[in-house]
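Novice: Sharing upload_23.txt, compact mmCIF, C-alpha atoms and all ligand atoms:
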```txt
# COMPACT_ATOMS: atom_id res chain seq x y z
CA MET A 1 41.18 -4.44 -88.95
CA GLU A 2 38.79 -7.28 -88.27
CA ASP A 3 40.34 -9.12 -85.36
CA SER A 4 39.26 -8.36 -81.83
CA VAL A 5 41.46 -5.78 -80.15
CA THR A 6 43.83 -6.60 -77.31
CA ALA A 7 42.63 -5.89 -73.79
CA THR A 8 44.40 -2.91 -72.27
CA GLN A 9 42.45 -1.62 -69.26
CA SER A 10 40.66 -2.90 -66.22
CA TYR A 11 37.95 -0.94 -64.46
CA SER A 12 34.19 -1.26 -64.41
CA VAL A 13 31.53 -0.04 -66.86
CA THR A 14 27.83 -0.62 -66.23
CA ILE A 15 25.52 -0.31 -69.24
CA VAL A 16 21.80 0.24 -68.75
CA GLY A 17 20.00 -1.37 -71.71
CA GLY A 18 20.74 -4.56 -73.64
CA GLY A 19 19.51 -3.47 -77.10
CA LEU A 20 21.70 -3.46 -80.21
CA GLY A 21 23.55 -0.35 -79.00
CA GLY A 22 24.11 -1.55 -75.43
CA LEU A 23 25.33 -5.00 -76.45
CA THR A 24 27.67 -3.68 -79.14
CA ALA A 25 29.16 -1.36 -76.53
CA ALA A 26 29.41 -4.19 -73.99
CA LEU A 27 31.32 -6.37 -76.43
CA ALA A 28 33.62 -3.58 -77.61
CA LEU A 29 34.42 -2.51 -74.03
CA ARG A 30 35.00 -6.06 -72.88
CA GLN A 31 37.45 -6.57 -75.71
CA ARG A 32 39.42 -3.63 -74.28
CA GLY A 33 39.68 -5.49 -70.98
CA LEU A 34 37.05 -3.54 -69.07
CA SER A 35 34.78 -5.28 -66.62
CA VAL A 36 31.28 -4.86 -68.09
CA THR A 37 27.82 -5.38 -66.61
CA VAL A 38 24.60 -4.93 -68.63
CA LEU A 39 21.38 -4.18 -66.76
CA GLU A 40 18.27 -4.92 -68.85
CA GLN A 41 14.70 -4.40 -67.72
CA ALA A 42 13.20 -7.17 -69.89
CA ALA A 43 12.93 -10.62 -68.35
CA GLU A 44 14.41 -12.06 -71.52
CA LEU A 45 16.75 -10.35 -73.92
CA GLY A 46 15.65 -10.13 -77.53
CA GLU A 47 14.57 -7.91 -80.40
CA VAL A 48 11.37 -7.21 -82.29
CA GLY A 49 10.39 -9.48 -85.21
CA ALA A 50 11.62 -7.23 -88.01
CA GLY A 51 14.59 -6.64 -90.26
CA ILE A 52 17.50 -4.27 -89.94
CA GLN A 53 20.05 -2.92 -92.41
CA THR A 54 23.64 -2.18 -91.54
CA ALA A 55 25.35 0.12 -94.00
CA PRO A 56 29.17 -0.11 -94.27
CA ASN A 57 29.70 2.26 -91.31
CA ALA A 58 28.00 -0.20 -88.95
CA SER A 59 29.14 -3.40 -90.68
CA ARG A 60 32.70 -2.17 -90.20
CA VAL A 61 32.14 -1.84 -86.45
CA LEU A 62 30.61 -5.32 -86.17
CA LEU A 63 33.36 -6.93 -88.25
CA GLY A 64 35.92 -5.07 -86.15
CA LEU A 65 34.59 -6.97 -83.14
CA GLY A 66 35.68 -10.23 -84.78
CA LEU A 67 32.12 -11.29 -85.68
CA ARG A 68 32.60 -12.11 -89.38
CA PRO A 69 31.83 -15.86 -89.16
CA GLN A 70 28.66 -15.29 -87.16
CA LEU A 71 27.49 -12.44 -89.43
CA GLU A 72 28.28 -14.42 -92.60
CA ALA A 73 25.87 -17.06 -91.28
CA ILE A 74 22.90 -14.71 -90.77
CA HIS A 75 23.16 -11.89 -93.30
CA THR A 76 21.45 -11.27 -96.66
CA GLU A 77 23.30 -9.02 -99.08
CA PRO A 78 21.38 -6.73 -101.47
CA LEU A 79 23.14 -5.99 -104.74
CA ASP A 80 21.38 -2.66 -105.11
CA GLN A 81 18.53 -0.50 -103.93
CA VAL A 82 15.79 0.44 -106.39
CA ARG A 83 13.53 3.48 -105.92
CA ARG A 84 10.04 3.23 -107.39
CA ARG A 85 7.12 5.55 -108.06
CA TRP A 86 3.98 4.83 -105.99
CA GLN A 87 1.46 4.71 -108.83
CA ASP A 88 3.03 2.32 -111.31
CA GLY A 89 6.30 1.02 -109.89
CA SER A 90 8.37 2.83 -112.51
CA VAL A 91 12.03 3.07 -111.53
CA ILE A 92 13.18 6.51 -110.45
CA GLY A 93 16.56 5.55 -109.12
CA LEU A 94 19.02 2.74 -108.55
CA THR A 95 21.80 2.79 -105.96
CA ALA A 96 24.52 0.19 -106.13
CA LEU A 97 25.15 -1.68 -102.85
CA GLY A 98 26.66 -5.22 -102.84
CA ASP A 99 30.11 -5.22 -104.41
CA PHE A 100 30.07 -1.43 -104.76
CA CYS A 101 30.06 -0.97 -100.98
CA LYS A 102 32.77 -3.55 -100.44
CA ARG A 103 34.94 -1.93 -103.10
CA HIS A 104 34.40 1.69 -102.10
CA TYR A 105 33.91 1.47 -98.34
CA ASN A 106 35.78 -1.74 -97.67
CA ALA A 107 32.79 -3.03 -95.73
CA PRO A 108 29.49 -4.61 -96.75
CA TYR A 109 25.88 -3.44 -96.74
CA TRP A 110 23.96 -6.26 -95.06
CA HIS A 111 20.41 -7.07 -93.96
CA TYR A 112 19.44 -9.24 -91.00
CA HIS A 113 16.55 -10.38 -88.92
CA ARG A 114 16.97 -8.25 -85.79
CA ALA A 115 16.63 -11.25 -83.49
CA ASP A 116 19.52 -12.99 -85.30
CA LEU A 117 21.81 -9.97 -85.01
CA HIS A 118 20.91 -9.42 -81.38
CA LYS A 119 21.61 -13.09 -80.62
CA VAL A 120 25.04 -12.91 -82.25
CA LEU A 121 25.91 -9.95 -80.03
CA LEU A 122 24.50 -11.55 -76.90
CA ASP A 123 26.24 -14.89 -77.48
CA SER A 124 29.51 -13.06 -78.05
CA CYS A 125 29.04 -11.06 -74.83
CA LEU A 126 28.51 -14.33 -73.00
CA ASP A 127 31.63 -15.56 -74.77
CA PRO A 128 30.98 -19.15 -75.78
CA THR A 129 34.58 -19.42 -77.02
CA GLY A 130 35.86 -19.08 -73.45
CA ALA A 131 38.67 -16.87 -74.76
CA GLY A 132 38.11 -13.90 -72.48
CA PRO A 133 36.22 -12.48 -69.54
CA VAL A 134 32.44 -12.55 -70.00
CA VAL A 135 30.04 -9.65 -69.81
CA GLU A 136 27.68 -9.94 -66.88
CA VAL A 137 24.12 -9.60 -68.20
CA ARG A 138 21.37 -9.06 -65.63
CA THR A 139 17.86 -9.36 -67.05
CA GLY A 140 14.68 -8.32 -65.21
CA THR A 141 16.65 -5.38 -63.81
CA ARG A 142 14.88 -2.06 -64.31
CA VAL A 143 16.93 1.00 -63.46
CA VAL A 144 14.81 3.81 -62.05
CA SER A 145 17.40 6.37 -60.91
CA ILE A 146 21.08 7.10 -60.59
CA ASP A 147 23.11 8.23 -57.59
CA GLN A 148 26.08 10.49 -58.21
CA THR A 149 26.73 11.37 -54.54
CA ASP A 150 30.27 10.14 -55.12
CA PRO A 151 30.88 11.44 -58.66
CA ALA A 152 33.78 9.01 -59.10
CA ARG A 153 31.51 6.03 -58.37
CA PRO A 154 28.09 6.64 -59.95
CA ALA A 155 25.46 4.04 -59.15
CA ALA A 156 22.44 2.73 -61.07
CA VAL A 157 19.55 2.10 -58.71
CA THR A 158 16.89 -0.47 -59.66
CA GLN A 159 13.21 -0.56 -58.87
CA THR A 160 13.89 -3.09 -56.10
CA GLY A 161 16.44 -0.70 -54.56
CA GLU A 162 19.49 -2.68 -55.67
CA ARG A 163 22.53 -0.46 -56.34
CA PHE A 164 25.16 -1.07 -59.01
CA GLU A 165 28.17 1.14 -58.28
CA THR A 166 30.59 1.50 -61.11
CA ASP A 167 33.42 3.58 -62.55
CA VAL A 168 31.50 4.51 -65.71
CA LEU A 169 27.74 4.34 -66.17
CA VAL A 170 26.36 4.23 -69.73
CA GLY A 171 22.69 4.90 -70.54
CA ALA A 172 21.90 2.81 -73.62
CA ASP A 173 18.28 2.61 -72.60
CA GLY A 174 16.60 3.76 -75.78
CA ILE A 175 14.40 6.59 -76.93
CA ARG A 176 12.62 7.04 -73.58
CA SER A 177 15.85 6.89 -71.61
CA ARG A 178 15.52 6.86 -67.84
CA ILE A 179 19.20 7.69 -67.47
CA ARG A 180 18.79 10.78 -69.63
CA ASP A 181 15.88 11.93 -67.42
CA ALA A 182 17.82 11.16 -64.25
CA LEU A 183 20.64 13.42 -65.48
CA GLY A 184 18.10 16.24 -65.92
CA MET A 185 18.85 16.57 -69.62
CA PRO A 186 16.26 18.46 -71.69
CA ASP A 187 13.34 16.67 -73.28
CA THR A 188 14.19 17.01 -76.97
CA LEU A 189 11.77 14.46 -78.42
CA LEU A 190 9.58 15.59 -81.31
CA PHE A 191 6.66 13.60 -82.72
CA SER A 192 6.81 13.47 -86.53
CA GLY A 193 3.08 12.86 -87.03
CA GLU A 194 3.91 9.58 -88.79
CA MET A 195 3.92 5.90 -87.90
CA ALA A 196 5.64 2.81 -89.25
CA TYR A 197 3.88 -0.48 -89.85
CA ARG A 198 6.35 -3.33 -89.53
CA ALA A 199 5.48 -6.67 -91.11
CA LEU A 200 7.11 -9.87 -92.36
CA ILE A 201 5.97 -11.79 -95.44
CA PRO A 202 7.06 -15.37 -96.23
CA GLY A 203 9.40 -15.35 -99.25
CA ASP A 204 7.66 -18.37 -100.79
CA LYS A 205 4.31 -16.52 -100.88
CA ILE A 206 6.00 -13.67 -102.75
CA ALA A 207 7.59 -16.12 -105.19
CA ALA A 208 4.33 -18.01 -105.81
CA ASP A 209 2.51 -14.92 -107.12
CA PRO A 210 3.77 -13.65 -110.52
CA ALA A 211 2.77 -10.06 -109.61
CA THR A 212 4.91 -9.92 -106.51
CA ARG A 213 7.63 -12.22 -107.80
CA TRP A 214 8.26 -9.65 -110.49
CA LEU A 215 8.47 -6.82 -107.95
CA VAL A 216 10.50 -8.39 -105.22
CA ASP A 217 14.00 -9.48 -106.05
CA ARG A 218 15.91 -11.39 -103.39
CA PHE A 219 18.98 -9.28 -104.11
CA GLN A 220 17.30 -5.91 -104.21
CA SER A 221 16.20 -3.53 -101.52
CA THR A 222 13.27 -1.32 -102.56
CA ILE A 223 11.91 2.09 -101.57
CA TRP A 224 8.57 3.28 -102.96
CA TYR A 225 7.97 7.04 -102.92
CA GLY A 226 4.44 8.44 -102.71
CA PRO A 227 2.55 11.51 -101.50
CA ASP A 228 2.66 11.61 -97.66
CA ARG A 229 3.87 7.98 -97.29
CA HIS A 230 6.59 5.59 -98.35
CA LEU A 231 7.36 1.91 -98.24
CA VAL A 232 10.61 0.00 -97.79
CA HIS A 233 11.09 -3.74 -98.32
CA TYR A 234 14.00 -6.13 -98.45
CA MET A 235 14.68 -9.82 -97.95
CA ILE A 236 16.18 -11.27 -94.78
CA ARG A 237 17.30 -14.79 -93.85
CA GLY A 238 18.44 -15.40 -97.43
CA GLY A 239 15.00 -14.80 -98.89
CA GLU A 240 12.98 -16.73 -96.33
CA LEU A 241 11.23 -13.53 -95.26
CA LEU A 242 10.48 -10.15 -96.80
CA ASN A 243 10.79 -7.34 -94.26
CA VAL A 244 8.35 -4.48 -94.84
CA VAL A 245 8.35 -1.03 -93.25
CA ALA A 246 5.40 1.13 -94.33
CA ILE A 247 5.43 4.77 -93.26
CA VAL A 248 2.06 6.55 -93.19
CA PRO A 249 0.42 9.43 -91.27
CA ALA A 250 -0.10 8.31 -87.65
CA SER A 251 -3.45 7.16 -86.32
CA ARG A 252 -4.66 8.73 -83.08
CA GLU A 253 -4.25 5.38 -81.28
CA VAL A 254 -0.58 5.10 -82.22
CA GLU A 255 0.09 8.76 -81.46
CA GLU A 256 -1.30 8.30 -77.96
CA ASN A 257 0.09 4.84 -77.16
CA TRP A 258 3.38 4.87 -79.16
CA THR A 259 2.75 1.32 -80.43
CA ALA A 260 -0.24 -0.77 -81.51
CA THR A 261 -0.91 -3.96 -83.39
CA ALA A 262 -2.50 -3.83 -86.82
CA THR A 263 -4.35 -6.15 -89.19
CA VAL A 264 -3.38 -7.14 -92.72
CA ASP A 265 -6.40 -5.22 -94.03
CA GLU A 266 -5.26 -2.09 -92.24
CA LEU A 267 -1.75 -2.42 -93.67
CA ALA A 268 -2.86 -3.14 -97.25
CA GLY A 269 -5.63 -0.52 -96.99
CA ALA A 270 -3.07 2.16 -96.10
CA PHE A 271 -1.95 2.35 -99.74
CA PRO A 272 -5.11 3.25 -101.72
CA GLY A 273 -4.53 3.93 -105.41
CA TRP A 274 -0.96 2.58 -105.29
CA ASP A 275 0.33 0.05 -107.81
CA ASP A 276 -1.85 -3.09 -107.37
CA ARG A 277 1.23 -5.20 -106.86
CA VAL A 278 2.06 -3.28 -103.68
CA VAL A 279 -1.35 -4.11 -102.29
CA SER A 280 -0.96 -7.79 -103.35
CA MET A 281 2.36 -7.86 -101.57
CA LEU A 282 1.06 -6.35 -98.33
CA GLU A 283 -1.94 -8.70 -98.28
CA LYS A 284 0.52 -11.59 -97.90
CA ALA A 285 1.81 -10.43 -94.49
CA GLU A 286 1.76 -13.07 -91.77
CA GLY A 287 2.25 -12.99 -88.02
CA GLU A 288 2.10 -9.90 -85.87
CA ILE A 289 1.97 -6.55 -87.65
CA SER A 290 2.94 -3.66 -85.42
CA ALA A 291 2.58 0.10 -85.77
CA TRP A 292 5.12 2.43 -84.15
CA ALA A 293 4.91 6.18 -83.61
CA MET A 294 7.85 7.90 -85.29
CA TYR A 295 9.81 10.20 -82.99
CA HIS A 296 12.96 12.20 -83.53
CA ARG A 297 15.24 13.75 -80.95
CA ARG A 298 16.41 17.27 -81.67
CA ARG A 299 20.14 17.50 -82.08
CA ASP A 300 21.64 17.76 -78.60
CA PRO A 301 25.39 17.62 -78.02
CA VAL A 302 25.22 17.01 -74.24
CA TRP A 303 25.69 13.29 -73.82
CA VAL A 304 27.87 13.18 -70.70
CA ASP A 305 27.70 14.25 -67.08
CA GLY A 306 30.85 13.38 -65.09
CA GLN A 307 31.26 9.62 -65.32
CA VAL A 308 27.82 8.98 -66.80
CA ALA A 309 27.37 8.90 -70.59
CA LEU A 310 24.55 8.26 -73.06
CA LEU A 311 24.67 6.12 -76.21
CA GLY A 312 22.32 5.28 -79.08
CA ASP A 313 18.68 6.34 -79.13
CA ALA A 314 19.07 7.72 -75.59
CA CYS A 315 21.05 10.63 -77.06
CA HIS A 316 20.30 10.70 -80.80
CA ALA A 317 16.98 8.99 -81.56
CA MET A 318 16.19 9.63 -85.20
CA LEU A 319 13.57 8.80 -87.81
CA PRO A 320 14.46 5.55 -89.62
CA TYR A 321 14.52 7.37 -92.99
CA GLN A 322 18.26 6.86 -93.30
CA ALA A 323 18.25 3.35 -91.72
CA GLN A 324 20.93 4.61 -89.36
CA GLY A 325 19.62 4.63 -85.75
CA ALA A 326 21.22 1.38 -84.61
CA SER A 327 24.17 1.95 -86.93
CA GLN A 328 24.96 5.26 -85.24
CA ALA A 329 24.66 3.51 -81.86
CA MET A 330 27.24 0.98 -83.08
CA GLU A 331 29.57 3.79 -84.10
CA ASP A 332 29.09 5.28 -80.61
CA ALA A 333 30.03 1.90 -79.12
CA ALA A 334 33.26 1.66 -81.14
CA VAL A 335 34.41 5.18 -80.26
CA LEU A 336 33.44 4.83 -76.59
CA ALA A 337 35.51 1.63 -76.36
CA GLU A 338 38.47 3.22 -78.11
CA GLU A 339 38.46 6.18 -75.74
CA LEU A 340 37.82 4.28 -72.50
CA GLY A 341 40.20 1.53 -73.55
CA ALA A 342 43.03 4.04 -73.84
CA VAL A 343 42.93 5.40 -70.27
CA THR A 344 43.17 4.28 -66.68
CA VAL A 345 40.27 4.99 -64.34
CA ASP A 346 41.73 8.43 -63.56
CA GLY A 347 41.27 9.47 -67.19
CA VAL A 348 37.66 8.42 -67.78
CA ARG A 349 36.13 11.93 -67.60
CA GLU A 350 38.38 13.27 -70.32
CA ALA A 351 37.88 10.07 -72.32
CA LEU A 352 34.10 10.55 -72.16
CA MET A 353 34.43 14.16 -73.32
CA ARG A 354 36.52 12.95 -76.27
CA TYR A 355 33.84 10.34 -77.01
CA VAL A 356 31.19 13.07 -77.28
CA SER A 357 33.35 15.41 -79.32
CA ARG A 358 34.10 12.62 -81.81
CA ARG A 359 30.48 11.45 -82.09
CA ALA A 360 27.88 14.15 -81.41
CA LYS A 361 28.41 16.27 -84.50
CA HIS A 362 28.20 13.38 -86.92
CA ALA A 363 25.22 11.69 -85.22
CA GLY A 364 23.47 15.08 -85.21
CA MET A 365 23.98 15.43 -88.96
CA VAL A 366 22.46 12.01 -89.53
CA GLN A 367 19.49 12.88 -87.26
CA GLU A 368 18.83 15.99 -89.33
CA ALA A 369 19.27 14.20 -92.66
CA ALA A 370 16.73 11.57 -91.58
CA TRP A 371 14.29 14.34 -90.59
CA ARG A 372 14.74 16.09 -93.95
CA ASN A 373 14.02 12.82 -95.74
CA MET A 374 10.49 12.90 -94.31
CA ALA A 375 9.55 15.80 -96.60
CA PHE A 376 11.79 14.60 -99.47
CA TYR A 377 10.25 11.12 -99.60
CA HIS A 378 6.64 12.28 -99.19
CA LEU A 379 6.34 15.08 -101.75
CA PRO A 380 2.91 15.36 -103.40
CA ASP A 381 2.97 14.89 -107.18
CA GLY A 382 4.00 18.14 -108.86
CA PRO A 383 7.07 20.18 -109.83
CA GLU A 384 9.04 19.49 -106.63
CA GLN A 385 8.38 15.76 -106.91
CA ARG A 386 9.51 15.76 -110.56
CA GLU A 387 12.66 17.64 -109.62
CA ARG A 388 13.34 15.11 -106.85
CA ASP A 389 12.85 12.18 -109.22
CA GLU A 390 15.22 13.74 -111.75
CA LYS A 391 17.78 14.16 -109.00
CA LEU A 392 17.36 10.51 -107.98
CA LYS A 393 17.82 9.41 -111.59
CA ARG A 394 21.07 11.34 -111.88
CA PHE A 395 22.22 9.64 -108.69
CA ASN A 396 22.12 6.19 -110.31
CA GLY A 397 25.03 3.91 -109.67
CA GLU A 398 26.36 5.74 -106.64
CA SER A 399 25.83 4.80 -103.06
CA ASP A 400 24.87 7.34 -100.41
CA VAL A 401 26.13 5.35 -97.42
P1 LIG B 501 16.94 0.18 -77.90
O1 LIG B 501 16.99 -0.77 -79.01
O2 LIG B 501 15.64 0.88 -77.64
O3 LIG B 501 17.36 -0.62 -76.60
C1 LIG B 501 17.19 -0.09 -75.31
C2 LIG B 501 17.19 -1.23 -74.31
O4 LIG B 501 17.17 -0.67 -72.99
C3 LIG B 501 15.97 -2.12 -74.42
O5 LIG B 501 16.38 -3.46 -74.39
C4 LIG B 501 15.14 -1.74 -73.20
O6 LIG B 501 14.35 -2.81 -72.71
C5 LIG B 501 16.23 -1.35 -72.21
N1 LIG B 501 15.79 -0.41 -71.18
C6 LIG B 501 15.03 0.71 -71.35
N2 LIG B 501 14.84 1.34 -70.17
C7 LIG B 501 15.49 0.61 -69.23
C8 LIG B 501 15.65 0.76 -67.82
N3 LIG B 501 15.10 1.79 -67.17
N4 LIG B 501 16.38 -0.17 -67.15
C9 LIG B 501 16.95 -1.23 -67.83
N5 LIG B 501 16.81 -1.42 -69.17
C10 LIG B 501 16.10 -0.51 -69.86
N6 LIG B 501 18.50 1.44 -87.51
C11 LIG B 501 19.46 0.98 -88.37
O7 LIG B 501 20.65 1.15 -88.11
N7 LIG B 501 19.12 0.32 -89.52
C12 LIG B 501 17.81 0.10 -89.88
O8 LIG B 501 17.55 -0.51 -90.91
C13 LIG B 501 16.79 0.59 -89.00
N8 LIG B 501 15.50 0.42 -89.32
C14 LIG B 501 14.53 0.89 -88.48
C15 LIG B 501 13.18 0.72 -88.82
C16 LIG B 501 12.19 1.18 -87.97
C17 LIG B 501 10.75 1.03 -88.38
C18 LIG B 501 12.53 1.79 -86.74
C19 LIG B 501 11.46 2.26 -85.79
C20 LIG B 501 13.86 1.96 -86.39
C21 LIG B 501 14.88 1.52 -87.25
N9 LIG B 501 16.22 1.68 -86.93
C22 LIG B 501 17.20 1.25 -87.80
C23 LIG B 501 16.61 2.36 -85.68
C24 LIG B 501 16.99 1.35 -84.59
O9 LIG B 501 15.98 0.39 -84.43
C25 LIG B 501 17.25 2.06 -83.26
O10 LIG B 501 17.97 3.23 -83.46
C26 LIG B 501 18.04 1.12 -82.34
O11 LIG B 501 17.32 -0.06 -82.09
C27 LIG B 501 18.38 1.83 -81.03
O12 LIG B 501 19.18 0.98 -80.25
P2 LIG B 501 19.47 1.30 -78.73
O13 LIG B 501 20.27 0.15 -78.23
O14 LIG B 501 20.00 2.68 -78.58
O15 LIG B 501 18.04 1.33 -78.03
```
In structure tokens, what does this structure look like?
Ligand code: FAD
Specialist:
Amino acid sequence: MEDSVTATQSYSVTIVGGGLGGLTAALALRQRGLSVTVLEQAAELGEVGAGIQTAPNASRVLLGLGLRPQLEAIHTEPLDQVRRRWQDGSVIGLTALGDFCKRHYNAPYWHYHRADLHKVLLDSCLDPTGAGPVVEVRTGTRVVSIDQTDPARPAAVTQTGERFETDVLVGADGIRSRIRDALGMPDTLLFSGEMAYRALIPGDKIAADPATRWLVDRFQSTIWYGPDRHLVHYMIRGGELLNVVAIVPASREVEENWTATATVDELAGAFPGWDDRVVSMLEKAEGEISAWAMYHRRRDPVWVDGQVALLGDACHAMLPYQAQGASQAMEDAAVLAEELGAVTVDGVREALMRYVSRRAKHAGMVQEAAWRNMAFYHLPDGPEQRERDEKLKRFNGESDV
């Protein structure tokens, strides 16, 4: 069903974190009639300058929130995903997306600029249609601790000492979640030893060069497989920009600082000996190039303590090698809203337990699949790599989403 659901309940939920997970949850909960406040540490809400893919599982959630017109206006749809060999660009696999996903999953596989998707969610939370109660969004509000003295009224406490008492507190505060720490949950983060360069390339520069024009199709998403590194690229904003994610072994600087900025030379130089067209493509990057340390959270099914729950990267941070981190957060949001929307305030504890039992196993499987992909994508040339490529060839025409 694509129309917004009917409001059924009325009690308060406070969400710490206004990222893609937090805002999807805010919107879904508001549509169930709950009174929702989002506390965000940043002075201004927004997202990094990069692309994002939503496979049918996440597109279905977003469309279920009644966002089709807004998403139609900002998405780019790939018809398929091609897998290429690092040295010469030869095709080792093709996965149908486009119409295949709509036919088989009844939901699309779409790409966006993250800022566009985040804005759609934020605007809908602020409800420009005037059709329902708005979500209260407080920026510049950094939560430093929680107070569960009264377990039925947990409070988020900010760095200025302000308290936000609520019926349900949700930690959607990302991979280094403060709420998770405040609950005393174990530190399950693992460094992968890898980092991701993120860059954007103007589509017209790609089109102007015959070498890259041949390689980059507006309707195709691409993954290059190579020894100890891989590369993903796809168009966003209808071909205006090519989004590039380049995964390589981490530099010491990125390992220590989590993020760094990088130069075009560094990015293009990270693929020595690769197909020349890859290097030509990367040399065309413009604007800020960032490098991010790649972390994974070990599977951990404890997401709830009383009337406080975690969502998104706070409970299941994963490597982006399945393009599913935000998508799993969106699934969390939909299930959380279904469960909380079905009870009165007296039933929220049981509802939160049902939320975890419906979500933790699946999110954990995706976390582990993304971790396994690290070795699968980065095999050195040899018998295992040839076996993998054969397997990918046999997979042609089917989608793994
Ligand atoms: P975040 O996006 O981290 O948001 C957390 C928010 O909480 C932030 O706004 C932060 O400022 C705020 N916050 C933090 N601490 C506090 C505090 N103490 N008080 C108040 N506010 C606070 N996923 C996909 O589904 N598809 C993809 O194609 C994809 N590609 C990716 C590519 C790369 C290179 C990477 C690194 C990740 C990718 N992901 C993808 C994963 C995805 O980006 C994350 O899983 C997702 O953004 C997590 O959303 P979140 O809302 O849980 O956390």
Novice: Can you tell me which residues sit at most 6 Å away from ligand LIG 501 (chain B), counting only C-alpha atoms and all ligand atoms, written as a PyMOL selection string?
Specialist: chain A and resi 16-22+39-42+52-54+141-144+172-175+177-178+196+245+312-314+320+323-327+329
Novice: Any chance you can output those residues with C-alpha atoms as a PDB file, keeping the file's coordinate frame?
Specialist:
```pdb
ATOM      1  CA  VAL A  16      21.800   0.240 -68.750  1.00  0.00           C
ATOM      2  CA  GLY A  17      20.000  -1.370 -71.710  1.00  0.00           C
ATOM      3  CA  GLY A  18      20.740  -4.560 -73.640  1.00  0.00           C
ATOM      4  CA  GLY A  19      19.510  -3.470 -77.100  1.00  0.00           C
ATOM      5  CA  LEU A  20      21.700  -3.460 -80.210  1.00  0.00           C
ATOM      6  CA  GLY A  21      23.550  -0.350 -79.000  1.00  0.00           C
ATOM      7  CA  GLY A  22      24.110  -1.550 -75.430  1.00  0.00           C
ATOM      8  CA  LEU A  39      21.380  -4.180 -66.760  1.00  0.00           C
ATOM      9  CA  GLU A  40      18.270  -4.920 -68.850  1.00  0.00           C
ATOM     10  CA  GLN A  41      14.700  -4.400 -67.720  1.00  0.00           C
ATOM     11  CA  ALA A  42      13.200  -7.170 -69.890  1.00  0.00           C
ATOM     12  CA  ILE A  52      17.500  -4.270 -89.940  1.00  0.00           C
ATOM     13  CA  GLN A  53      20.050  -2.920 -92.410  1.00  0.00           C
ATOM     14  CA  THR A  54      23.640  -2.180 -91.540  1.00  0.00           C
ATOM     15  CA  THR A 141      16.650  -5.380 -63.810  1.00  0.00           C
ATOM     16  CA  ARG A 142      14.880  -2.060 -64.310  1.00  0.00           C
ATOM     17  CA  VAL A 143      16.930   1.000 -63.460  1.00  0.00           C
ATOM     18  CA  VAL A 144      14.810   3.810 -62.050  1.00  0.00           C
ATOM     19  CA  ALA A 172      21.900   2.810 -73.620  1.00  0.00           C
ATOM     20  CA  ASP A 173      18.280   2.610 -72.600  1.00  0.00           C
ATOM     21  CA  GLY A 174      16.600   3.760 -75.780  1.00  0.00           C
ATOM     22  CA  ILE A 175      14.400   6.590 -76.930  1.00  0.00           C
ATOM     23  CA  SER A 177      15.850   6.890 -71.610  1.00  0.00           C
ATOM     24  CA  ARG A 178      15.520   6.860 -67.840  1.00  0.00           C
ATOM     25  CA  ALA A 196       5.640   2.810 -89.250  1.00  0.00           C
ATOM     26  CA  VAL A 245       8.350  -1.030 -93.250  1.00  0.00           C
ATOM     27  CA  GLY A 312      22.320   5.280 -79.080  1.00  0.00           C
ATOM     28  CA  ASP A 313      18.680   6.340 -79.130  1.00  0.00           C
ATOM     29  CA  ALA A 314      19.070   7.720 -75.590  1.00  0.00           C
ATOM     30  CA  PRO A 320      14.460   5.550 -89.620  1.00  0.00           C
ATOM     31  CA  ALA A 323      18.250   3.350 -91.720  1.00  0.00           C
ATOM     32  CA  GLN A 324      20.930   4.610 -89.360  1.00  0.00           C
ATOM     33  CA  GLY A 325      19.620   4.630 -85.750  1.00  0.00           C
ATOM     34  CA  ALA A 326      21.220   1.380 -84.610  1.00  0.00           C
ATOM     35  CA  SER A 327      24.170   1.950 -86.930  1.00  0.00           C
ATOM     36  CA  ALA A 329      24.660   3.510 -81.860  1.00  0.00           C
TER      37      ALA A 329
END
```
Novice: Please measure the separation of atom CA of A:Ser124 and atom CA of A:Leu67, giving the value in Å to one decimal.
Specialist: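 These two atoms are separated by 8.3 Å.
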Novice: Please report the interatomic distance between atom CA of A:Ala50 and atom CA of A:Asp204 in Å with one decimal.
Specialist: 17.4 Å
Novice: Mind pulling up the distance from atom CA of A:Glu266 to atom CA of A:Leu117?
Specialist: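 So the answer is 29.1 Å.
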Novice: Counting all atoms listed in the file, figure out which residue out of A:Thr212, A:Gln70, A:Thr263, A:Thr24 gets nearest to A:Gly89.
Specialist: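 That would be A:Thr212, the residue with the smallest distance to A:Gly89.
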Novice: Rank A:Glu72, A:Asp228, A:Asp300, A:Glu253 by their smallest atom-to-atom distance to A:Phe271, using all atoms listed in the file, and report the top residue only.
Specialist: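 Ranked by minimum distance to A:Phe271, first place goes to A:Asp228.
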Novice: Counting all atoms listed in the file, which residues sit no farther than 7 Å from the position (4.4, -7.4, -88.0) in the file's frame? I'd like them as a ChimeraX atom specification.
Specialist: /A:49,198-200,287-290
Novice: Neighbours of A:Ala291 within 7 Å (only C-alpha atoms; same-chain residues fewer than 3 positions away dropped), as a PyMOL selection string?
Specialist: chain A and resi 195-198+254+259-262
Novice: Restricting the calculation to only C-alpha atoms, which member of A:Ser357, A:Val61, A:Lys393, A:Glu387 is positioned closest to A:Glu331?
Specialist: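 Of the candidates, the smallest distance to A:Glu331 is held by A:Val61.
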Novice: Kindly indicate which residue among A:Phe100, A:Tyr321, A:Trp292, A:Trp371 lies nearest to A:Val48, using only C-alpha atoms for the distances.
Specialist: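 Once distances to A:Val48 are computed over only C-alpha atoms, the minimum belongs to A:Trp292.
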